[in-house]
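Below is final11.tsv, which holds TSV, C-alpha atoms.
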```tsv
chain	number	residue	atom	x	y	z
V	1	MET	CA	56.10	80.55	56.90
V	2	ARG	CA	57.05	84.20	56.78
V	3	THR	CA	56.56	84.51	60.58
V	4	VAL	CA	58.87	81.57	61.15
V	5	SER	CA	61.67	83.05	59.00
V	6	LYS	CA	61.19	86.44	60.68
V	7	TYR	CA	61.47	84.75	64.06
V	8	ARG	CA	64.67	83.00	62.91
V	9	ALA	CA	66.17	86.27	61.70
V	10	VAL	CA	65.52	87.93	65.07
V	11	ASN	CA	67.00	84.93	66.81
V	12	LEU	CA	70.08	85.03	64.61
V	13	ARG	CA	70.60	88.74	65.26
V	14	ARG	CA	70.28	88.16	68.99
V	15	THR	CA	72.74	85.29	68.82
V	16	MET	CA	75.20	87.39	66.83
V	17	ALA	CA	74.98	90.18	69.40
V	18	ILE	CA	75.65	87.73	72.23
V	19	LEU	CA	78.47	86.25	70.22
V	20	ILE	CA	80.17	89.62	69.67
V	21	VAL	CA	79.90	90.49	73.35
V	22	ALA	CA	81.30	87.07	74.30
V	23	VAL	CA	84.24	87.38	71.91
V	24	VAL	CA	85.06	90.84	73.17
V	25	PHE	CA	85.03	89.63	76.76
V	26	LEU	CA	87.03	86.50	76.03
V	27	THR	CA	89.76	88.05	73.93
V	28	GLY	CA	89.80	91.58	75.27
V	29	LEU	CA	90.06	94.58	73.02
V	30	PRO	CA	93.75	95.22	72.42
V	31	GLY	CA	94.96	98.25	74.28
V	32	ILE	CA	91.76	98.96	76.13
V	33	LYS	CA	92.00	98.19	79.80
V	34	ASN	CA	89.80	99.45	82.55
V	35	ASP	CA	91.12	100.72	85.85
V	36	ALA	CA	90.42	97.50	87.68
V	37	GLN	CA	92.42	95.54	85.12
V	38	ALA	CA	95.36	97.85	85.11
V	39	GLY	CA	95.34	98.48	88.86
V	40	LYS	CA	96.57	102.04	88.83
V	41	GLY	CA	96.73	105.43	90.36
V	42	SER	CA	96.71	108.68	88.55
V	43	SER	CA	100.43	108.51	87.80
V	44	PHE	CA	102.30	105.31	87.08
V	45	LEU	CA	105.93	106.50	87.12
V	46	GLY	CA	105.22	109.17	89.72
V	47	GLY	CA	103.44	106.63	91.90
V	48	MET	CA	106.49	104.41	91.74
V	49	VAL	CA	108.84	107.24	92.68
V	50	ALA	CA	106.68	108.52	95.53
V	51	GLY	CA	105.91	105.00	96.72
V	52	SER	CA	109.55	103.98	96.79
V	53	LEU	CA	110.50	107.13	98.70
V	54	ILE	CA	107.78	106.57	101.28
V	55	LYS	CA	108.55	102.87	101.63
V	56	GLY	CA	112.26	103.69	101.80
V	57	ALA	CA	111.63	106.19	104.58
V	58	VAL	CA	109.47	103.69	106.47
V	59	GLU	CA	112.16	101.02	106.08
V	60	ARG	CA	114.86	103.40	107.30
V	61	ASP	CA	112.72	104.37	110.31
V	62	LYS	CA	112.16	100.71	111.06
V	63	GLU	CA	115.87	99.92	110.79
V	64	ARG	CA	116.74	102.91	112.96
V	65	THR	CA	114.22	101.87	115.60
V	66	GLN	CA	115.51	98.31	115.53
V	67	ALA	CA	119.10	99.52	115.82
V	68	ILE	CA	118.22	101.73	118.79
V	69	GLU	CA	116.29	98.90	120.46
V	70	HIS	CA	119.16	96.48	119.81
V	71	GLN	CA	121.65	98.97	121.22
V	72	SER	CA	119.59	99.58	124.34
V	73	TYR	CA	119.23	95.85	125.00
V	74	SER	CA	122.79	94.80	124.19
V	75	GLN	CA	124.81	97.60	125.69
V	76	PRO	CA	124.80	98.93	129.25
V	77	ARG	CA	123.67	102.50	129.45
V	78	PRO	CA	126.57	104.89	130.02
V	79	VAL	CA	126.74	106.21	133.55
V	80	GLN	CA	125.94	109.88	133.58
V	81	GLN	CA	128.91	111.92	134.79
V	82	ALA	CA	128.32	114.22	137.72
V	83	PRO	CA	128.84	117.84	136.74
V	84	ALA	CA	132.20	119.30	137.72
V	85	PRO	CA	132.09	121.28	140.97
V	86	ALA	CA	131.74	124.99	140.46
V	87	PRO	CA	134.90	127.01	141.19
V	88	ALA	CA	135.02	128.70	144.59
V	89	PRO	CA	133.77	132.28	144.43
V	90	GLN	CA	136.50	134.91	144.14
V	91	PRO	CA	136.92	136.94	147.42
V	92	SER	CA	135.90	140.56	147.13
V	93	ALA	CA	138.45	143.30	146.41
V	94	GLU	CA	138.04	144.59	149.96
V	95	ALA	CA	138.85	141.21	151.47
V	96	ARG	CA	141.84	140.79	149.19
V	97	ILE	CA	143.23	144.24	150.11
V	98	LYS	CA	142.77	143.44	153.81
V	99	GLU	CA	144.68	140.20	153.24
V	100	LEU	CA	147.33	142.23	151.44
V	101	ASP	CA	147.49	144.68	154.37
V	102	LYS	CA	148.15	141.82	156.76
V	103	LEU	CA	150.93	140.49	154.54
V	104	ALA	CA	152.53	143.97	154.35
V	105	ALA	CA	152.16	144.54	158.11
V	106	GLY	CA	153.76	141.19	158.76
V	107	GLY	CA	156.68	142.13	156.50
V	108	TYR	CA	155.98	139.28	154.10
V	109	ILE	CA	155.92	141.63	151.09
V	110	THR	CA	157.82	144.82	150.29
V	111	PRO	CA	156.02	148.18	150.03
V	112	GLU	CA	156.59	148.07	146.23
V	113	GLU	CA	155.02	144.62	145.99
V	114	TYR	CA	152.15	145.82	148.17
V	115	GLN	CA	151.52	148.82	145.93
V	116	ALA	CA	151.74	146.75	142.74
V	117	LYS	CA	149.37	144.09	144.05
V	118	LYS	CA	146.90	146.66	145.43
V	119	LYS	CA	146.91	148.40	142.06
V	120	ALA	CA	146.22	145.10	140.30
V	121	ILE	CA	143.28	144.39	142.63
V	122	LEU	CA	141.82	147.84	142.13
V	123	ASP	CA	142.32	147.63	138.34
V	124	GLY	CA	140.44	144.34	138.28
V	125	MET	CA	137.33	145.85	139.87
O	126	MET	CA	68.82	77.21	67.99
O	127	MET	CA	71.28	74.43	67.23
O	128	LYS	CA	72.42	76.28	64.14
O	129	SER	CA	73.09	79.43	66.21
O	130	LEU	CA	75.06	77.40	68.70
O	131	LYS	CA	77.15	75.94	65.87
O	132	ILE	CA	77.89	79.41	64.49
O	133	PHE	CA	78.79	80.61	67.96
O	134	THR	CA	81.16	77.68	68.50
O	135	ARG	CA	82.84	78.17	65.13
O	136	LEU	CA	83.35	81.87	65.68
O	137	LEU	CA	84.64	81.21	69.19
O	138	VAL	CA	87.21	78.76	67.83
O	139	LEU	CA	88.18	81.25	65.13
O	140	SER	CA	88.56	84.06	67.64
O	141	VAL	CA	90.79	81.93	69.86
O	142	LEU	CA	92.96	81.04	66.86
O	143	PHE	CA	93.06	84.65	65.74
O	144	VAL	CA	94.20	86.16	69.06
O	145	PRO	CA	97.79	84.80	69.19
O	146	VAL	CA	98.41	86.10	65.65
O	147	VAL	CA	97.31	89.60	66.65
O	148	SER	CA	99.15	89.65	69.96
O	149	ALA	CA	102.46	88.34	68.69
O	150	ALA	CA	104.11	91.75	68.35
O	151	GLU	CA	107.87	91.55	68.42
O	152	LEU	CA	109.62	92.78	71.53
O	153	ASN	CA	112.38	95.07	70.37
O	154	ALA	CA	113.36	98.66	70.99
O	155	ASP	CA	111.70	99.83	67.77
O	156	TYR	CA	108.37	98.62	69.07
O	157	PHE	CA	108.52	101.04	72.01
O	158	HIS	CA	109.54	104.15	70.09
O	159	GLY	CA	106.77	106.71	70.28
O	160	ASP	CA	104.16	108.16	72.54
O	161	TRP	CA	102.21	105.91	74.92
O	162	VAL	CA	99.30	106.89	77.06
O	163	ILE	CA	99.27	105.21	80.44
O	164	ASN	CA	96.22	103.80	82.15
O	165	ASP	CA	93.90	105.81	80.02
O	166	GLN	CA	91.86	105.02	76.99
O	167	SER	CA	92.14	108.38	75.34
O	168	CYS	CA	95.33	109.90	73.93
O	169	SER	CA	93.71	113.32	73.81
O	170	SER	CA	92.69	113.34	77.46
O	171	ASN	CA	93.99	116.45	79.19
O	172	THR	CA	94.82	114.63	82.39
O	173	ALA	CA	96.45	111.58	80.81
O	174	GLU	CA	99.89	110.38	81.73
O	175	HIS	CA	102.17	109.87	78.73
O	176	ILE	CA	105.53	108.21	78.32
O	177	VAL	CA	107.47	109.02	75.18
O	178	PHE	CA	110.31	106.66	74.32
O	179	HIS	CA	112.63	108.45	71.93
O	180	GLU	CA	114.82	106.62	69.44
O	181	ASN	CA	117.93	108.31	70.86
O	182	GLY	CA	117.50	106.42	74.14
O	183	THR	CA	115.91	109.20	76.14
O	184	PHE	CA	112.39	109.22	77.46
O	185	MET	CA	109.97	111.62	79.07
O	186	GLY	CA	107.07	111.02	81.42
O	187	SER	CA	104.44	113.73	81.51
O	188	ARG	CA	101.08	114.43	83.09
O	189	ASP	CA	98.63	117.09	82.08
O	190	GLY	CA	101.11	117.97	79.34
O	191	ILE	CA	103.83	118.82	81.87
O	192	ALA	CA	107.12	116.90	81.86
O	193	GLU	CA	107.70	115.31	85.25
O	194	ILE	CA	110.30	112.62	84.65
O	195	VAL	CA	113.10	112.54	82.11
O	196	GLY	CA	115.90	110.09	81.60
O	197	PHE	CA	117.37	107.25	79.61
O	198	TRP	CA	115.75	103.96	78.66
O	199	SER	CA	117.01	100.72	77.18
O	200	LEU	CA	115.43	97.36	76.43
O	201	LYS	CA	117.12	94.43	78.14
O	202	ASP	CA	115.56	91.02	77.43
O	203	ASP	CA	111.93	91.43	78.42
O	204	PHE	CA	112.21	94.54	80.55
O	205	ILE	CA	112.87	98.20	80.03
O	206	GLU	CA	115.53	99.72	82.22
O	207	LEU	CA	114.86	103.31	83.22
O	208	HIS	CA	117.33	105.84	84.55
O	209	MET	CA	115.18	108.70	85.71
O	210	VAL	CA	115.63	112.21	87.03
O	211	THR	CA	112.67	113.90	88.65
O	212	SER	CA	111.61	116.14	91.45
O	213	PRO	CA	109.49	114.06	93.83
O	214	ALA	CA	107.63	117.28	94.60
O	215	SER	CA	105.90	116.82	91.25
O	216	PHE	CA	103.91	114.02	92.86
O	217	GLN	CA	102.67	115.79	95.96
O	218	ASP	CA	99.15	115.34	94.60
O	219	LEU	CA	99.70	111.59	95.11
O	220	HIS	CA	101.50	111.83	98.46
O	221	LYS	CA	101.54	115.12	100.31
O	222	GLU	CA	104.84	114.13	101.95
O	223	MET	CA	106.50	114.76	98.59
O	224	ALA	CA	106.04	118.52	99.05
O	225	LYS	CA	109.22	118.65	101.12
O	226	PHE	CA	111.22	117.80	97.97
O	227	GLU	CA	110.35	121.11	96.34
O	228	GLY	CA	113.32	122.17	94.21
O	229	VAL	CA	115.13	118.88	94.80
O	230	TYR	CA	115.89	116.71	91.77
O	231	SER	CA	116.81	113.08	92.37
O	232	TYR	CA	117.97	110.11	90.33
O	233	PHE	CA	116.02	106.84	90.34
O	234	GLN	CA	116.63	103.54	88.62
O	235	GLY	CA	113.63	101.40	87.79
O	236	ARG	CA	112.46	98.61	85.54
O	237	LEU	CA	109.36	97.93	83.51
O	238	LEU	CA	108.61	94.25	83.10
O	239	VAL	CA	106.68	94.04	79.85
O	240	PHE	CA	103.90	91.52	79.28
O	241	ASN	CA	100.66	91.08	77.35
O	242	GLN	CA	102.25	92.82	74.42
O	243	GLN	CA	99.85	93.63	71.60
O	244	LYS	CA	100.37	95.48	68.37
O	245	LYS	CA	99.41	98.83	69.84
O	246	SER	CA	99.42	98.20	73.55
O	247	PHE	CA	101.27	96.47	76.31
O	248	GLU	CA	101.11	96.03	80.02
O	249	ALA	CA	103.98	96.34	82.42
O	250	TYR	CA	104.96	95.91	86.03
O	251	GLY	CA	107.09	98.81	87.14
O	252	VAL	CA	109.60	98.10	89.88
O	253	LEU	CA	111.45	100.82	91.72
O	254	GLY	CA	113.14	99.87	94.97
O	255	ASN	CA	110.52	98.18	97.09
O	256	GLU	CA	107.67	99.67	95.11
O	257	SER	CA	105.91	97.95	92.21
O	258	LYS	CA	102.98	99.11	90.12
O	259	ARG	CA	101.07	97.73	87.19
O	260	ALA	CA	100.16	99.78	84.17
O	261	ALA	CA	98.62	99.47	80.74
O	262	ALA	CA	100.06	101.46	77.87
O	263	VAL	CA	98.33	102.27	74.60
O	264	ARG	CA	100.18	103.71	71.63
O	265	CYS	CA	99.19	107.23	70.62
O	266	ARG	CA	101.76	107.82	67.88
```
Mind turning the file's structure into structure tokens?
Amino acid sequence: MRTVSKYRAVNLRRTMAILIVAVVFLTGLPGIKNDAQAGKGSSFLGGMVAGSLIKGAVERDKERTQAIEHQSYSQPRPVQQAPAPAPAPQPSAEARIKELDKLAAGGYITPEEYQAKKKAILDGM
Amino acid sequence: MMKSLKIFTRLLVLSVLFVPVVSAAELNADYFHGDWVINDQSCSSNTAEHIVFHENGTFMGSRDGIAEIVGFWSLKDDFIELHMVTSPASFQDLHKEMAKFEGVYSYFQGRLLVFNQQKKSFEAYGVLGNESKRAAAVRCR
């Protein structure tokens, strides 16, 4: 008789233990959440800030890429302008003085004009 | 065995009836005033993230005891609106790209959608731009 009641007491204790575990699992302890339940990183607010910045940057890159692609498909590429021709090289001082000599010998310029021009050429050297 | 099963069933019914009474904390600004530890079971943990909602409408988010986010908060219906100022560089441990924001302080507007509100804890979905995160908060004081 005593063995039977002892057996029942053990059984009851075991049942109570199972019961407590079941209640805890079913209702959840208020305020106690494990990582899997809460789904988190090491910083909640910081994670949101960093995440939004990264996603924002990715979105902007995507939009920029799409805009560039759209532009390249919808608009003809501008024709590249040929570079302007380089100015003709300036004749040397010697050549210019010879030219000046010819003009003076031909009487096209006065001796004063000749002297002034020659001086200008020599000053520019 | 049958008796144990009966006890189990009765206690199960009682626990189910008891839960809504415990969890029916009122959602008002007063409820949020105080210090909450985020995603951590221990208020005294050195590495824990805390959010302190002050009665004057300001709040502070800190990690490892260092303030990282400050701003204004207000309760609107079932969500908390947050106006935050922070340096994203504070979170370079989460994303190394944030290092380029060293010395830069920016403004962010976010929302915390509150649910599963208990007497001393709640859960929330945080939404900031395209980013959303879930968190559990437990009251410390």
Do a neighbour search on Asp101 in chain V at 9 Å with only C-alpha atoms, toss out local chain neighbours closer than 5 positions, and write the hits as an MDAnalysis selection string. chainID V and resid 96 106 114
Selection export as an mmCIF file, in the coordinates of the input, atoms kept: C-alpha atoms:
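Output (result.cif):
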```
data_model
loop_
_atom_site.group_PDB
_atom_site.id
_atom_site.type_symbol
_atom_site.label_atom_id
_atom_site.label_comp_id
_atom_site.auth_asym_id
_atom_site.auth_seq_id
_atom_site.Cartn_x
_atom_site.Cartn_y
_atom_site.Cartn_z
ATOM 1 C CA ARG V 96 141.840 140.790 149.190
ATOM 2 C CA GLY V 106 153.760 141.190 158.760
ATOM 3 C CA TYR V 114 152.150 145.820 148.170
#
```
So what do you get for CA of Ala17 in chain V versus CA of Phe247 in chain O, distance-wise? 27.9 Å
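Across the model, the gap from CA of Arg188 in chain O to CA of Gly51 in chain V is 17.3 Å.
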Just the number, please: distance in Å from CA of His158 in chain O to CA of Ala50 in chain V, one decimal.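 If I compute the distance from CA of His158 in chain O to CA of Ala50 in chain V, I get 26.0 Å.
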Ref. answer, residues at most 12 Å from (134.0, 144.8, 139.2) with all atoms listed in the file, as an MDAnalysis selection string: chainID V and resid 90:94 121:125
Nearest to Lys55 in chain V among O:Asn181, O:Ala249, O:Leu237, O:His220, with distances taken over all atoms listed in the file: which residue is it?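 Checking each candidate against Lys55 in chain V, we get O:His220 as the closest.
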Which one of O:Lys225, O:Thr172, O:Phe157, O:Leu200 sits closest to chain V if you count only C-alpha atoms? O:Thr172
